[in-house]
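Source file: input07.cif; contents: mmCIF, C-alpha atoms and all ligand atoms.
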```
data_run
loop_
_atom_site.label_atom_id
_atom_site.label_comp_id
_atom_site.auth_asym_id
_atom_site.auth_seq_id
_atom_site.Cartn_x
_atom_site.Cartn_y
_atom_site.Cartn_z
CA MET A 9 34.35 -16.73 -1.24
CA SER A 10 32.88 -18.49 1.75
CA ASP A 11 29.38 -17.84 3.01
CA ALA A 12 27.86 -17.62 -0.44
CA CYS A 13 30.12 -20.10 -2.18
CA PRO A 14 28.16 -21.04 -5.29
CA THR A 15 29.88 -24.35 -6.11
CA ILE A 16 27.01 -26.29 -4.55
CA THR A 17 23.85 -25.06 -2.87
CA ARG A 18 20.54 -26.56 -1.81
CA ASN A 19 17.33 -25.16 -3.24
CA GLY A 20 14.36 -26.90 -1.62
CA ASP A 21 14.59 -30.54 -2.60
CA GLU A 22 17.03 -29.84 -5.42
CA VAL A 23 20.72 -29.02 -5.57
CA VAL A 24 22.26 -26.32 -7.73
CA ILE A 25 25.85 -26.56 -8.94
CA LEU A 26 28.12 -24.26 -10.89
CA ASP A 27 28.92 -26.30 -14.02
CA GLN A 28 32.72 -26.23 -14.18
CA THR A 29 32.85 -27.75 -17.65
CA CYS A 30 31.67 -24.34 -18.94
CA LEU A 31 34.28 -22.32 -17.07
CA PRO A 32 36.19 -20.08 -17.44
CA TRP A 33 34.04 -18.89 -20.33
CA THR A 34 30.47 -19.17 -19.10
CA GLU A 35 28.95 -19.18 -15.62
CA ARG A 36 26.20 -21.76 -15.93
CA PHE A 37 24.26 -23.12 -12.99
CA VAL A 38 22.71 -26.57 -13.28
CA ARG A 39 19.97 -28.23 -11.19
CA LEU A 40 20.53 -31.72 -9.83
CA ASP A 41 17.29 -33.49 -9.11
CA THR A 42 18.18 -37.16 -8.84
CA LEU A 43 20.88 -39.56 -7.72
CA THR A 44 21.82 -40.05 -11.38
CA ASP A 45 22.20 -36.29 -11.87
CA ALA A 46 24.64 -36.14 -8.95
CA ALA A 47 26.62 -39.18 -10.12
CA VAL A 48 26.89 -37.79 -13.66
CA ALA A 49 27.94 -34.35 -12.36
CA ILE A 50 30.83 -35.95 -10.47
CA ARG A 51 31.85 -38.39 -13.20
CA ASP A 52 31.71 -35.81 -16.02
CA MET A 53 33.49 -33.23 -13.83
CA GLN A 54 30.74 -30.61 -13.77
CA VAL A 55 31.87 -30.58 -10.16
CA ARG A 56 35.47 -31.43 -9.40
CA GLY A 57 38.12 -31.04 -6.75
CA ALA A 58 38.32 -33.53 -3.90
CA PRO A 59 36.28 -31.68 -1.21
CA LEU A 60 33.55 -30.67 -3.66
CA ILE A 61 33.28 -34.22 -4.99
CA GLY A 62 32.69 -35.36 -1.40
CA ALA A 63 30.02 -32.73 -0.75
CA THR A 64 28.26 -33.49 -4.03
CA ALA A 65 28.15 -37.18 -3.16
CA ALA A 66 26.59 -36.31 0.19
CA PHE A 67 23.90 -34.24 -1.51
CA GLY A 68 23.50 -37.08 -4.02
CA VAL A 69 22.46 -39.36 -1.16
CA ALA A 70 19.89 -36.77 -0.06
CA LEU A 71 18.53 -36.60 -3.62
CA ALA A 72 18.31 -40.39 -3.79
CA LEU A 73 16.34 -40.66 -0.55
CA LYS A 74 13.66 -38.19 -1.71
CA THR A 75 11.79 -40.96 -3.46
CA GLU A 76 12.63 -43.94 -1.28
CA ALA A 77 14.62 -44.15 1.93
CA SER A 78 14.76 -47.91 2.53
CA ASP A 79 17.97 -49.75 3.45
CA ALA A 80 18.17 -50.93 -0.17
CA ALA A 81 17.81 -47.38 -1.55
CA LEU A 82 20.52 -46.11 0.81
CA ALA A 83 22.86 -48.93 -0.18
CA HIS A 84 22.17 -48.34 -3.87
CA ALA A 85 22.94 -44.61 -3.63
CA ASP A 86 26.15 -45.40 -1.78
CA THR A 87 27.27 -47.92 -4.42
CA VAL A 88 26.46 -45.64 -7.38
CA LEU A 89 28.23 -42.62 -5.91
CA ARG A 90 31.33 -44.52 -4.70
CA ALA A 91 31.91 -45.72 -8.28
CA THR A 92 32.04 -42.22 -9.83
CA ARG A 93 35.72 -41.30 -9.40
CA PRO A 94 38.38 -43.41 -7.73
CA THR A 95 41.16 -41.17 -6.43
CA ALA A 96 39.70 -38.41 -4.22
CA VAL A 97 39.15 -40.06 -0.85
CA ASN A 98 36.85 -37.22 0.24
CA LEU A 99 34.16 -39.05 -1.78
CA HIS A 100 34.43 -42.10 0.47
CA TRP A 101 34.86 -39.98 3.60
CA ALA A 102 31.62 -38.12 2.86
CA LEU A 103 29.70 -41.30 1.98
CA ASP A 104 30.95 -42.96 5.19
CA ARG A 105 29.64 -39.96 7.13
CA MET A 106 26.27 -40.22 5.38
CA GLN A 107 26.02 -43.95 6.13
CA ASP A 108 26.91 -43.39 9.80
CA ALA A 109 24.27 -40.67 10.10
CA LEU A 110 21.48 -42.42 8.18
CA ALA A 111 21.78 -46.19 8.54
CA PRO A 112 20.71 -46.28 12.23
CA LEU A 113 17.57 -44.19 11.55
CA PRO A 114 14.10 -45.42 10.59
CA ALA A 115 13.40 -44.81 6.88
CA LEU A 116 10.85 -42.08 7.68
CA GLU A 117 13.50 -39.92 9.34
CA ARG A 118 16.22 -40.43 6.74
CA PRO A 119 15.32 -37.82 4.07
CA ALA A 120 15.46 -34.82 6.43
CA ALA A 121 18.53 -36.24 8.17
CA ALA A 122 20.27 -36.71 4.81
CA TRP A 123 19.84 -33.04 3.90
CA ALA A 124 21.09 -32.00 7.34
CA ALA A 125 24.13 -34.29 7.12
CA ALA A 126 24.99 -33.03 3.62
CA GLU A 127 24.66 -29.41 4.74
CA ALA A 128 26.95 -30.19 7.71
CA ILE A 129 29.58 -31.65 5.37
CA ARG A 130 29.38 -28.55 3.20
CA ALA A 131 29.68 -26.16 6.15
CA GLY A 132 32.45 -28.23 7.73
CA ASP A 133 34.49 -28.12 4.54
CA ALA A 134 34.22 -24.33 4.30
CA ALA A 135 35.26 -23.97 7.95
CA ALA A 136 38.22 -26.36 7.55
CA ASN A 137 39.44 -24.46 4.52
CA ALA A 138 39.16 -21.13 6.33
CA ALA A 139 41.44 -22.57 9.04
CA ILE A 140 43.86 -23.87 6.37
CA GLY A 141 43.96 -20.32 5.03
CA GLU A 142 45.02 -18.93 8.40
CA HIS A 143 47.69 -21.60 9.05
CA GLY A 144 49.08 -21.18 5.55
CA LYS A 145 49.00 -17.40 5.78
CA ALA A 146 51.41 -17.57 8.74
CA ILE A 147 53.91 -19.46 6.54
CA LEU A 148 53.57 -16.91 3.75
CA GLU A 149 53.84 -14.02 6.21
CA SER A 150 57.16 -15.17 7.65
CA LEU A 151 58.53 -15.99 4.18
CA ALA A 152 57.54 -12.51 2.96
CA GLN A 153 59.32 -10.96 5.95
CA ALA A 154 62.45 -13.00 5.23
CA LYS A 155 62.44 -12.09 1.53
CA GLY A 156 61.58 -8.42 2.01
CA ARG A 157 59.88 -8.28 -1.41
CA PRO A 158 56.69 -9.58 -3.04
CA LEU A 159 56.40 -13.37 -2.75
CA GLN A 160 56.56 -15.48 -5.88
CA LEU A 161 54.34 -18.53 -5.51
CA MET A 162 53.45 -21.42 -7.79
CA THR A 163 50.41 -23.71 -7.83
CA HIS A 164 49.07 -26.49 -10.03
CA CYS A 165 45.55 -27.54 -11.05
CA ASN A 166 42.70 -25.78 -9.25
CA ALA A 167 42.55 -26.01 -5.49
CA GLY A 168 40.57 -22.84 -4.98
CA TRP A 169 36.98 -22.25 -3.89
CA LEU A 170 35.79 -23.86 -7.10
CA ALA A 171 37.19 -27.18 -5.89
CA THR A 172 35.60 -26.97 -2.45
CA CYS A 173 32.65 -25.63 -0.49
CA GLY A 174 34.45 -22.39 0.30
CA HIS A 175 37.87 -20.69 0.32
CA GLY A 176 39.75 -23.50 -1.43
CA THR A 177 42.67 -25.45 0.00
CA ALA A 178 45.94 -24.43 -1.70
CA LEU A 179 44.47 -21.05 -2.63
CA ALA A 180 43.08 -20.38 0.88
CA PRO A 181 46.46 -19.23 2.28
CA ILE A 182 47.01 -17.15 -0.85
CA TYR A 183 43.63 -15.43 -0.49
CA ALA A 184 44.25 -14.89 3.24
CA ALA A 185 47.73 -13.45 2.65
CA HIS A 186 46.46 -11.22 -0.16
CA ALA A 187 43.63 -9.96 2.05
CA ALA A 188 46.20 -9.20 4.78
CA GLY A 189 48.14 -7.01 2.39
CA ILE A 190 51.10 -9.35 1.85
CA PRO A 191 52.35 -8.61 -1.67
CA LEU A 192 52.43 -11.78 -3.77
CA HIS A 193 52.22 -13.14 -7.28
CA VAL A 194 51.21 -16.66 -8.33
CA TYR A 195 52.48 -18.75 -11.26
CA VAL A 196 49.55 -20.89 -12.40
CA SER A 197 50.33 -23.94 -14.52
CA GLU A 198 47.73 -24.68 -17.16
CA THR A 199 47.36 -28.34 -16.05
CA ARG A 200 46.94 -30.30 -19.22
CA PRO A 201 44.96 -32.17 -20.31
CA ARG A 202 41.84 -30.58 -18.76
CA ASN A 203 43.42 -27.21 -18.02
CA GLN A 204 42.15 -26.73 -14.49
CA GLY A 205 44.82 -24.01 -14.21
CA LEU A 206 42.49 -21.83 -16.26
CA LEU A 207 39.97 -22.12 -13.43
CA THR A 208 42.65 -20.98 -10.99
CA ALA A 209 43.53 -18.00 -13.22
CA TRP A 210 39.82 -17.15 -13.40
CA GLU A 211 39.46 -17.30 -9.62
CA LEU A 212 42.58 -15.26 -8.95
CA ALA A 213 41.54 -12.63 -11.49
CA ARG A 214 38.15 -12.26 -9.79
CA ALA A 215 39.90 -11.80 -6.45
CA GLY A 216 42.46 -9.34 -7.81
CA VAL A 217 45.42 -11.60 -6.98
CA PRO A 218 48.37 -10.99 -9.35
CA HIS A 219 49.11 -14.12 -11.33
CA THR A 220 50.67 -15.43 -14.53
CA LEU A 221 49.56 -18.47 -16.51
CA ILE A 222 52.41 -20.79 -17.57
CA ALA A 223 52.65 -23.92 -19.67
CA ASP A 224 53.14 -26.93 -17.40
CA ASN A 225 56.58 -27.50 -18.86
CA ALA A 226 57.78 -24.03 -17.81
CA ALA A 227 57.64 -24.84 -14.11
CA GLY A 228 61.04 -26.54 -13.85
CA TRP A 229 62.83 -23.65 -15.53
CA LEU A 230 61.17 -21.02 -13.34
CA LEU A 231 62.17 -22.99 -10.24
CA ALA A 232 65.72 -23.41 -11.54
CA GLU A 233 65.94 -19.67 -12.20
CA GLY A 234 65.05 -18.83 -8.60
CA ARG A 235 61.83 -17.17 -9.68
CA VAL A 236 59.63 -19.11 -7.23
CA ASP A 237 59.78 -18.87 -3.41
CA LEU A 238 57.23 -21.55 -2.53
CA VAL A 239 55.01 -24.09 -4.29
CA ILE A 240 51.62 -25.02 -2.86
CA THR A 241 49.03 -27.48 -4.20
CA GLY A 242 46.01 -29.36 -2.95
CA ALA A 243 45.64 -33.14 -2.72
CA ASP A 244 43.09 -35.79 -3.59
CA ARG A 245 44.28 -38.48 -1.21
CA ILE A 246 47.06 -38.38 1.36
CA ALA A 247 48.27 -41.79 2.56
CA ALA A 248 49.04 -42.46 6.23
CA ASN A 249 52.78 -42.03 5.56
CA GLY A 250 52.24 -38.62 3.93
CA ASP A 251 52.60 -39.69 0.27
CA SER A 252 50.14 -37.41 -1.54
CA ALA A 253 48.15 -37.95 -4.72
CA ASN A 254 47.21 -34.80 -6.61
CA LYS A 255 46.59 -33.74 -10.20
CA VAL A 256 49.09 -35.26 -12.61
CA GLY A 257 52.10 -32.97 -12.93
CA THR A 258 52.30 -32.22 -9.21
CA TYR A 259 55.11 -34.75 -8.74
CA LEU A 260 57.33 -33.09 -11.35
CA LYS A 261 56.92 -29.74 -9.60
CA ALA A 262 57.81 -31.30 -6.26
CA LEU A 263 60.94 -32.89 -7.75
CA ALA A 264 62.05 -29.62 -9.33
CA ALA A 265 61.27 -27.69 -6.15
CA ARG A 266 63.40 -30.08 -4.09
CA ALA A 267 66.25 -29.88 -6.63
CA HIS A 268 66.29 -26.10 -6.30
CA GLY A 269 65.69 -25.78 -2.56
CA VAL A 270 62.16 -24.37 -2.86
CA PRO A 271 59.64 -25.46 -0.18
CA PHE A 272 56.71 -27.49 -1.51
CA TYR A 273 53.54 -27.59 0.61
CA ILE A 274 50.31 -29.53 0.32
CA ALA A 275 47.16 -27.91 1.71
CA ALA A 276 44.24 -30.26 2.35
CA PRO A 277 41.56 -30.85 4.97
CA ARG A 278 41.61 -33.86 7.30
CA SER A 279 38.95 -35.44 5.05
CA THR A 280 41.64 -35.90 2.37
CA ILE A 281 43.86 -38.04 4.63
CA ASP A 282 43.25 -41.77 4.24
CA PHE A 283 44.73 -43.52 7.26
CA ALA A 284 43.61 -46.88 5.84
CA CYS A 285 45.96 -46.33 2.93
CA PRO A 286 49.53 -47.06 4.11
CA ASN A 287 51.45 -45.35 1.31
CA GLY A 288 51.24 -43.85 -2.15
CA ARG A 289 51.47 -47.19 -3.96
CA ALA A 290 48.08 -48.13 -2.48
CA ILE A 291 46.34 -45.00 -3.83
CA PRO A 292 44.11 -45.81 -6.85
CA ILE A 293 45.03 -43.51 -9.74
CA GLU A 294 42.19 -42.62 -12.09
CA GLU A 295 42.84 -43.33 -15.77
CA ARG A 296 40.64 -41.06 -17.88
CA SER A 297 39.71 -41.05 -21.55
CA ALA A 298 42.53 -40.75 -24.08
CA ASP A 299 40.39 -38.16 -25.90
CA GLU A 300 41.10 -35.69 -23.10
CA VAL A 301 44.70 -35.72 -24.39
CA ARG A 302 43.82 -35.72 -28.07
CA LEU A 303 41.31 -32.82 -27.88
CA ILE A 304 41.41 -29.33 -26.41
CA HIS A 305 38.50 -27.05 -25.58
CA GLY A 306 38.39 -23.29 -25.88
CA LEU A 307 36.76 -20.47 -27.81
CA ASP A 308 36.80 -20.02 -31.57
CA GLU A 309 37.47 -16.68 -33.26
CA GLN A 310 33.80 -15.74 -32.94
CA GLY A 311 33.91 -16.43 -29.21
CA GLY A 312 31.87 -19.63 -29.40
CA ALA A 313 32.77 -22.79 -27.48
CA ALA A 314 35.01 -24.97 -29.64
CA CYS A 315 36.71 -28.32 -29.40
CA LEU A 316 39.87 -28.82 -31.40
CA ARG A 317 41.50 -32.13 -32.26
CA ILE A 318 45.29 -32.00 -31.75
CA ALA A 319 45.99 -35.70 -32.33
CA SER A 320 44.20 -38.18 -34.55
CA ASP A 321 41.92 -40.69 -32.90
CA THR A 322 44.32 -43.43 -33.94
CA THR A 323 47.15 -41.86 -31.92
CA ALA A 324 47.69 -43.90 -28.78
CA ALA A 325 47.34 -41.68 -25.72
CA CYS A 326 47.36 -42.44 -22.02
CA ASN A 327 45.80 -40.21 -19.43
CA PRO A 328 46.59 -40.86 -15.76
CA ALA A 329 44.68 -38.06 -14.00
CA PHE A 330 46.80 -37.99 -10.83
CA ASP A 331 50.31 -38.72 -9.63
CA VAL A 332 51.82 -39.33 -6.22
CA THR A 333 54.36 -37.05 -4.58
CA PRO A 334 56.41 -38.95 -2.00
CA ALA A 335 56.18 -37.61 1.56
CA GLY A 336 59.92 -36.94 1.56
CA LEU A 337 59.50 -34.14 -0.98
CA LEU A 338 57.01 -32.19 1.14
CA ALA A 339 57.98 -29.26 3.37
CA GLY A 340 54.71 -29.82 5.22
CA ILE A 341 51.00 -30.56 5.04
CA ILE A 342 48.71 -27.69 5.98
CA CYS A 343 45.35 -28.84 7.33
CA GLU A 344 42.71 -27.27 9.54
CA PHE A 345 44.57 -28.41 12.67
CA GLY A 346 47.87 -26.77 11.75
CA VAL A 347 50.99 -27.49 9.73
CA PHE A 348 52.38 -31.02 10.03
CA ALA A 349 55.49 -32.77 8.79
CA ALA A 350 54.34 -35.32 6.23
CA ASP A 351 55.59 -38.17 8.46
CA ALA A 352 53.74 -36.84 11.52
CA LEU A 353 50.12 -37.19 10.42
CA ALA A 354 49.39 -39.82 13.08
CA ALA A 355 48.85 -36.90 15.49
CA ILE A 356 45.54 -36.12 13.79
CA GLU A 357 44.31 -39.61 12.93
CA HIS A 358 41.48 -39.49 15.49
CA ARG A 359 40.46 -35.86 15.02
O1 LIG A 401 40.42 -33.99 -11.59
P1 LIG A 401 40.10 -32.88 -10.63
O2 LIG A 401 39.95 -31.55 -11.30
O3 LIG A 401 38.94 -33.22 -9.72
O4 LIG A 401 41.39 -32.80 -9.73
C1 LIG A 401 41.47 -31.80 -8.75
C2 LIG A 401 42.77 -31.77 -8.06
O5 LIG A 401 43.67 -32.55 -8.32
C3 LIG A 401 42.91 -30.78 -6.96
O6 LIG A 401 44.21 -30.29 -6.90
C4 LIG A 401 42.59 -31.49 -5.63
O7 LIG A 401 41.35 -32.11 -5.71
C5 LIG A 401 42.59 -30.56 -4.51
S1 LIG A 401 41.15 -29.55 -4.57
C6 LIG A 401 40.97 -28.63 -3.22
#
```
Translate the structure described by the file into structure tokens.
Ligand code: MRU
Amino acid sequence: MSDACPTITRNGDEVVILDQTCLPWTERFVRLDTLTDAAVAIRDMQVRGAPLIGATAAFGVALALKTEASDAALAHADTVLRATRPTAVNLHWALDRMQDALAPLPALERPAAAWAAAEAIRAGDAAANAAIGEHGKAILESLAQAKGRPLQLMTHCNAGWLATCGHGTALAPIYAAHAAGIPLHVYVSETRPRNQGLLTAWELARAGVPHTLIADNAAGWLLAEGRVDLVITGADRIAANGDSANKVGTYLKALAARAHGVPFYIAAPRSTIDFACPNGRAIPIEERSADEVRLIHGLDEQGGAACLRIASDTTAACNPAFDVTPAGLLAGIICEFGVFAADALAAIEHR
């Protein structure tokens, strides 16, 4: 899923997104016409996944400048979009790129330049993820040779093409290995509370990649039983020292993987590395609504969309959306420039 990746596309002076709040049940495309539309789509997670959040913010700037492209309008769009979600640094990376491209230009030239810059971010993300796929495939290829049997992989959340502008990050090596004929199977954890693992299962099913959905709490046991050869996830922000924030639950998998000698990799583009952030303690962790814990969404017996309350609204619930996996637990970070030890990211700071 690359050239025609439908997560975000431009249609004239509008943007069309695949509304991920309706997946995996319904494929619904939504038009974004204004800055507010783009900000709401990010905040309400109609688009999600660090690279896609960044690309949507870039297109959000282009939407904002349709009506007015003054310095004030550019600054306003930047402020509104930066405030949507705090953890994925790709948002800030993309908005920095938009500012660099647009601020020096006269207002008259900004609208066209904004579309071009947003399109470049989108294309650049797809290309970076394709390269991640190739670097990661090499790891899977040598592991498959060593094992001499189908590989058993595990992932968490959704870091596939849905979360990006093409290919995905953690799923890119899996897609590349599958396409190369390397036999593999993926354990997909459901990823409570928002169940992004269901999006991963949906993607893998469409691509014909063998997979099994598991409850989040099953991961430790499967790792202990020797039923997993390698764990791979994406990231939302990687600090300069390699500490990596990703969807909550990632840290527990990394701990269990280390305890049982299973390599744990992060796959993420350079745009996810925040060299201004010294370590994981400095990464802002999004706290989302307690109702995401108290409610679950699915289909009712008639196949209609349904929301079910599993805890009363007086039950205290806390909902940190991300956690931080210390660099020391990572076997490596796969980015578009290759595979790096988590403590060796300085090599790509200026790329
Ligand atoms: O809250 P989400 O769904 O935006 O979180 C997504 C993740 O944590 C992904 O694993 C991460 O962004 C990597 S996506 C390529």
What residues have an atom no more than 10 Å from (40.4, -21.8, -0.9) in the file's own frame, counting only C-alpha atoms, and can you write them as a PyMOL selection string?
-> chain A and resi 9-10+134+136-138+140-141+166-184+211+242+275-276
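Here CA of Arg105 (chain A) and CA of Ala63 (chain A) stand 10.7 Å from one another.
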If we count all atoms listed in the file and set the cut-off at 12 Å, which residues sit around Leu73 (chain A), ignoring sequence neighbours fewer than 3 positions away in its own chain? Please answer as a PyMOL selection string.
chain A and resi 21-22+41-43+66-70+76-86+106+110-111+115-123
Pairwise distance, CA of Asp104 (chain A) with CA of Arg90 (chain A), equals 10.0 Å
Counting all atoms listed in the file, closest pick from A:Leu221, A:Leu192, A:Cys165, A:Ala290 relative to ligand LIG 401 (chain A) is A:Cys165
Taken to one decimal, the CA of Ser197 (chain A)-CA of Met162 (chain A) distance is 7.8 Å
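Nearest to Pro201 (chain A) of all the residues A:Leu89, A:Ile281, A:Ala264, A:Cys326 is A:Cys326, based on all atoms listed in the file.
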Of A:Thr75, A:Thr163, A:Gln54, A:Ser279, the one sitting nearest Leu238 (chain A) when using all atoms listed in the file is A:Thr163
I'd like the box whose edges run along x, y and z of the file and which contains every listed atom of ligand LIG 401 (chain A), padded by 3 Å per side; could you state its centre and edge lengths in Å, one decimal, as AutoDock Vina command-line options?
```
--center_x 41.6 --center_y -31.3 --center_z -7.4 --size_x 11.3 --size_y 11.4 --size_z 14.4
```
Using only C-alpha atoms, the residue out of A:Phe348, A:Phe330, A:Trp101, A:Tyr273 with shortest distance to Lys255 (chain A) is A:Phe330
Please determine, counting only C-alpha atoms and all ligand atoms, which residue among A:Arg278, A:Lys145, A:Arg266, A:Arg157 has the shortest atom-to-atom distance to ligand LIG 401 (chain A).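 Counting only C-alpha atoms and all ligand atoms, the residue closest to ligand LIG 401 (chain A) is A:Arg278.
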Residues near Ala227 (chain A), cut-off 9 Å, all atoms listed in the file, skip fewer than 3 positions along chain, as a PyMOL selection string: chain A and resi 162+195+197+222-224+230-232+260-261+264
Nearest to Leu151 (chain A), restricted to all atoms listed in the file and choosing among A:Ala350, A:Leu338, A:Leu31, A:Ala185, comes out as A:Ala185
Kindly output region 334-347 of chain A as a compact mmCIF listing (two decimals), in the frame of the given file, after building N, CA and C atoms.
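See out25.txt below for the written result:
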```txt
# COMPACT_ATOMS: atom_id res chain seq x y z
N PRO A 334 55.98 -38.28 -3.23
CA PRO A 334 56.41 -38.95 -2.00
C PRO A 334 56.51 -37.96 -0.83
N ALA A 335 56.18 -38.46 0.36
CA ALA A 335 56.18 -37.61 1.56
C ALA A 335 57.50 -36.86 1.74
N GLY A 336 58.60 -37.52 1.35
CA GLY A 336 59.92 -36.94 1.56
C GLY A 336 60.15 -35.64 0.79
N LEU A 337 59.33 -35.37 -0.20
CA LEU A 337 59.50 -34.14 -0.98
C LEU A 337 58.69 -32.97 -0.41
N LEU A 338 57.92 -33.24 0.63
CA LEU A 338 57.01 -32.19 1.14
C LEU A 338 57.65 -31.42 2.29
N ALA A 339 57.53 -30.09 2.24
CA ALA A 339 57.98 -29.26 3.37
C ALA A 339 56.98 -29.36 4.52
N GLY A 340 55.72 -29.68 4.18
CA GLY A 340 54.71 -29.82 5.22
C GLY A 340 53.33 -29.99 4.60
N ILE A 341 52.41 -30.44 5.44
CA ILE A 341 51.00 -30.56 5.04
C ILE A 341 50.20 -29.61 5.92
N ILE A 342 49.50 -28.69 5.25
CA ILE A 342 48.71 -27.69 5.98
C ILE A 342 47.27 -28.19 6.02
N CYS A 343 46.77 -28.45 7.22
CA CYS A 343 45.35 -28.84 7.33
C CYS A 343 44.69 -27.93 8.34
N GLU A 344 43.43 -28.19 8.65
CA GLU A 344 42.71 -27.27 9.54
C GLU A 344 43.26 -27.29 10.96
N PHE A 345 44.04 -28.33 11.30
CA PHE A 345 44.57 -28.41 12.67
C PHE A 345 45.97 -27.83 12.79
N GLY A 346 46.54 -27.37 11.70
CA GLY A 346 47.87 -26.77 11.75
C GLY A 346 48.73 -27.26 10.61
N VAL A 347 50.04 -27.08 10.77
CA VAL A 347 50.99 -27.49 9.73
C VAL A 347 51.78 -28.68 10.28
```
